[in-house]
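Remarks on the structure that follows.
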Amino acid sequence: MVAVNLGAAHYWLDHLYGAIMHRMRLAPPFFSGGWGGPKLELLEQMSRQLIAQGLAQVSLQHWPPPAINPVWRTVWESRRARLQEGVFTTPCEEMLKQVLPIESQTARVRLLSPRNVPAHETSCVVHLAGTGDHGFDRRLRLGGPLLEKNIATMVLESPYYGKRRPPLQRGARLLCVSDLLLLGRTTIEEARSLLYWLEAAQGYKKLGICGLSMGGVHAAMVGSLHRTPVAILPFLTPHSAAVAFCEGILQYGTAWEVLMRDELLSGSMTREQVVERMRTVLSLTDVTQFPPPKNPNSVIFVAATDDGYVPDHSVLKLQKAWPGSEVRWVRGGHVSSFILHNKTFQKAIQDGLDRLP
């Protein structure tokens with residue numbers, strides 16, 4: 001009975017947080033600017049073409065990823081570690097750059113690495129941002145203790161977040177549905193180029209890619225497209241963004257009324273029809289459409305038993321799509337696990353890297 005009540009408490013904590021943030025309108029809703037008009041149509045078309053061609057085949061044809069050349073400065077260094085910040089122009093194709101906000105076209109990344117240990121004796125994990133994770137600090141705190149295991153941490157600031165946020169956007173509340181697809185596509189291209197840079201230019205021994213929530217969706221996609229085996233570590237992650245916005249608590253923070261009125265949709269539509277339209281659009285973010293990773297044994301999902309944002313069936317769908325992967329369950333909800341289970345996330349990172357050939 002105590003365990004059941006504790007699980008319910010975690011679940012309701014997610015709903016309490018969602019009620020405060022979304023239902024009480026302490027923050028603007030997601031997509032208050034509508035669907036995104038021609039931008040959304042362009043992104044849908046590009047995504048469907050990729051899927052139709054076969055993502056596995058596309059990743060072979062587009063290898064290596066576009067080259068990047070980060071310009072680095074040292075933020076601080078100590079006897080044992082060094083933190084550097086790099087900037088580079090996003091490697092997205094020109095058609096995407098034309099619709100990407102100018103603020104998001106310059107990528108920022110931080111690299112926390114052990115000093116006096118050569119790269120070929122060090123592993124490195126690229127950490128991608130979850131919803132609302134501006135800047136670098138939270139992910140650097142997650143990766144910091146791994147320095148003792150000679151595991152470096154690279155943190156990419158997402159487009160539309162932090163210094164890459166367009167001026168009309170408040171916080172993490174993307175203005176248009178098209179922005180969510182554009183954020184994801186840009187993050188995937190940048191992370192692919194970063195992994196290849198770490199491998200080819202820096203010579204790191206083993207590589208991984210991880211992320212919490214939305215960042216885990218992107219990490220799974222990036223890892224599946226990489227030509228050589230990498231550890232893939234999605235934490236508190238659904239199989240698709242459609243789950244979060246159409247089934248999870250984020251549905252209460254979405255501007256459905258605006259989307260119902262948007263001129264992109266012809267005629268009047270019910271709330272249910274608009275939700276179904278959203279589900280169709282966000283099905284383009286379905287990780288199960290991506291090719292299985294090269295080394296599924298080094299894929300470790302960490303999921304929460306009482307997650308109000310990510311239902312169990314979504315996590316299990318990911319595991320089923322990638323036979324050989326592992327799911328580790330922690331007692332908690334989305335919010336409490338985000339806060340309380342860093343050691344579990346760190347252990348998953350270490351184990352995923354250890355399982356690489």
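Ligands are numbered from 1 in the order shown, chains are lettered A, B, ... in the order of the structure tokens, and residues start at 1 in each chain.
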
DSSP helix (DSSP H, G or I) selection over region 16-221 of chain A, as JSON, numbers by chain:
{"A": [16, 17, 18, 19, 20, 21, 22, 23, 38, 39, 40, 41, 42, 43, 44, 45, 46, 47, 48, 49, 50, 51, 52, 53, 55, 56, 57, 58, 59, 60, 61, 94, 95, 96, 97, 102, 103, 104, 105, 119, 120, 121, 137, 138, 139, 140, 141, 142, 143, 144, 145, 146, 147, 148, 149, 162, 163, 164, 177, 178, 179, 180, 181, 182, 183, 184, 185, 186, 187, 188, 189, 190, 191, 192, 193, 194, 195, 196, 197, 198, 199, 200, 201, 214, 215, 216, 217, 218, 219, 220, 221]}

Which residues are near region 187-203 of chain A? Cut-off 8 Å, only C-alpha atoms, ignore same chain within fewer than 6 positions. Put them as an MDAnalysis selection string.
chainID A and resid 64:68 90:92 107 119:120 124 126 156 158:159 218:219 221:222 226

Residues at most 6 Å from region 247-262 of chain A, counting only C-alpha atoms, excluding those fewer than 5 positions away in the same chain, as a ChimeraX atom specification?
/A:22,29-32,34,309

How would the residues just chosen look if you wrote them out with N, CA, C and O atoms as a PDB file, in the first residue's frame?
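Now in again_3.pdb:
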```
ATOM      1  N   HIS A  22       0.683  25.047 -16.668  1.00  0.00           N
ATOM      2  CA  HIS A  22      -0.112  25.090 -17.896  1.00  0.00           C
ATOM      3  C   HIS A  22      -1.548  25.538 -17.663  1.00  0.00           C
ATOM      4  O   HIS A  22      -2.026  26.482 -18.272  1.00  0.00           O
ATOM      5  N   PRO A  29       0.998  29.365 -23.565  1.00  0.00           N
ATOM      6  CA  PRO A  29       0.901  27.995 -24.081  1.00  0.00           C
ATOM      7  C   PRO A  29       1.861  27.768 -25.245  1.00  0.00           C
ATOM      8  O   PRO A  29       2.371  28.706 -25.857  1.00  0.00           O
ATOM      9  N   PHE A  30       2.085  26.513 -25.523  1.00  0.00           N
ATOM     10  CA  PHE A  30       2.821  26.156 -26.731  1.00  0.00           C
ATOM     11  C   PHE A  30       1.970  26.459 -27.965  1.00  0.00           C
ATOM     12  O   PHE A  30       0.760  26.267 -27.959  1.00  0.00           O
ATOM     13  N   PHE A  31       2.610  26.946 -29.016  1.00  0.00           N
ATOM     14  CA  PHE A  31       2.030  27.102 -30.346  1.00  0.00           C
ATOM     15  C   PHE A  31       0.941  28.184 -30.394  1.00  0.00           C
ATOM     16  O   PHE A  31      -0.045  28.046 -31.122  1.00  0.00           O
ATOM     17  N   SER A  32       1.150  29.266 -29.638  1.00  0.00           N
ATOM     18  CA  SER A  32       0.181  30.366 -29.659  1.00  0.00           C
ATOM     19  C   SER A  32       0.188  31.101 -30.996  1.00  0.00           C
ATOM     20  O   SER A  32      -0.703  31.899 -31.272  1.00  0.00           O
ATOM     21  N   GLY A  34       0.113  29.378 -33.882  1.00  0.00           N
ATOM     22  CA  GLY A  34      -0.531  28.514 -34.861  1.00  0.00           C
ATOM     23  C   GLY A  34       0.380  27.412 -35.375  1.00  0.00           C
ATOM     24  O   GLY A  34       1.392  27.054 -34.760  1.00  0.00           O
ATOM     25  N   TYR A 309       3.957  12.359 -17.971  1.00  0.00           N
ATOM     26  CA  TYR A 309       4.228  12.901 -19.302  1.00  0.00           C
ATOM     27  C   TYR A 309       4.441  11.803 -20.338  1.00  0.00           C
ATOM     28  O   TYR A 309       4.101  11.971 -21.507  1.00  0.00           O
TER      29      TYR A 309
END
```

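Using only C-alpha atoms, the shortest contact distance between Gln319 (chain A) and any of A:Leu353, A:Gly86, A:Ala348, A:Pro238 is found at A:Pro238.
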
Using only C-alpha atoms, which residues sit within 8 Å of region 35-52 of chain A once same-chain residues fewer than 4 positions away are excluded, as a CSV table (one decimal) with N, CA, C and O atoms, in the first residue's frame?
```csv
chain,number,residue,atom,x,y,z
A,31,PHE,N,2.6,26.9,-29.0
A,31,PHE,CA,2.0,27.1,-30.3
A,31,PHE,C,0.9,28.2,-30.4
A,31,PHE,O,0.0,28.0,-31.1
A,58,VAL,N,19.3,6.8,-46.6
A,58,VAL,CA,19.7,8.2,-46.6
A,58,VAL,C,20.9,8.4,-45.7
A,58,VAL,O,21.8,9.2,-46.1
A,99,VAL,N,14.5,29.1,-43.1
A,99,VAL,CA,13.3,29.3,-42.2
A,99,VAL,C,13.7,29.2,-40.8
A,99,VAL,O,12.9,29.4,-39.9
A,176,CYS,N,5.1,28.2,-32.9
A,176,CYS,CA,4.4,27.5,-33.9
A,176,CYS,C,4.8,26.0,-33.9
A,176,CYS,O,5.9,25.6,-33.4
A,177,VAL,N,3.9,25.2,-34.3
A,177,VAL,CA,4.1,23.7,-34.4
A,177,VAL,C,5.3,23.5,-35.3
A,177,VAL,O,6.2,22.6,-35.1
A,178,SER,N,5.5,24.2,-36.4
A,178,SER,CA,6.6,24.1,-37.3
A,178,SER,C,8.0,24.3,-36.5
A,178,SER,O,9.0,23.7,-36.9
A,179,ASP,N,8.0,25.1,-35.5
A,179,ASP,CA,9.2,25.4,-34.7
A,179,ASP,C,9.7,24.1,-34.0
A,179,ASP,O,10.9,23.9,-33.9
A,181,LEU,N,9.3,21.0,-35.1
A,181,LEU,CA,9.9,20.1,-36.1
A,181,LEU,C,11.3,20.7,-36.5
A,181,LEU,O,12.3,19.9,-36.7
A,182,LEU,N,11.4,22.0,-36.6
A,182,LEU,CA,12.6,22.7,-37.1
A,182,LEU,C,13.7,22.5,-36.0
A,182,LEU,O,14.8,22.3,-36.2
A,259,LEU,N,-5.0,26.8,-32.6
A,259,LEU,CA,-4.8,25.8,-33.7
A,259,LEU,C,-6.1,25.5,-34.5
A,259,LEU,O,-6.1,25.3,-35.7
A,262,ASP,N,-6.6,28.4,-36.9
A,262,ASP,CA,-5.5,28.8,-37.8
A,262,ASP,C,-6.0,28.6,-39.3
A,262,ASP,O,-6.6,27.6,-39.6
A,264,LEU,N,-4.4,27.6,-41.7
A,264,LEU,CA,-3.9,26.5,-42.4
A,264,LEU,C,-4.9,25.4,-42.6
A,264,LEU,O,-4.9,24.6,-43.5
A,281,VAL,N,1.0,15.1,-37.6
A,281,VAL,CA,2.2,15.9,-37.8
A,281,VAL,C,3.3,15.4,-37.0
A,281,VAL,O,4.5,15.2,-37.5
A,284,LEU,N,5.9,12.3,-37.4
A,284,LEU,CA,7.2,12.5,-38.1
A,284,LEU,C,8.3,12.4,-37.1
A,284,LEU,O,9.5,12.3,-37.6
A,289,GLN,N,10.4,4.7,-36.5
A,289,GLN,CA,10.6,4.7,-38.0
A,289,GLN,C,12.1,4.8,-38.4
A,289,GLN,O,12.4,4.6,-39.6
```

Which residues in region 44-126 of chain A does DSSP call strand (DSSP E)? List them as an MDAnalysis selection string.
chainID A and resid 71:77 81:89 106:114 123:126

At what distance in Å, to one decimal, does CA of Arg173 (chain A) lie from CA of Leu100 (chain A)?
16.1 Å
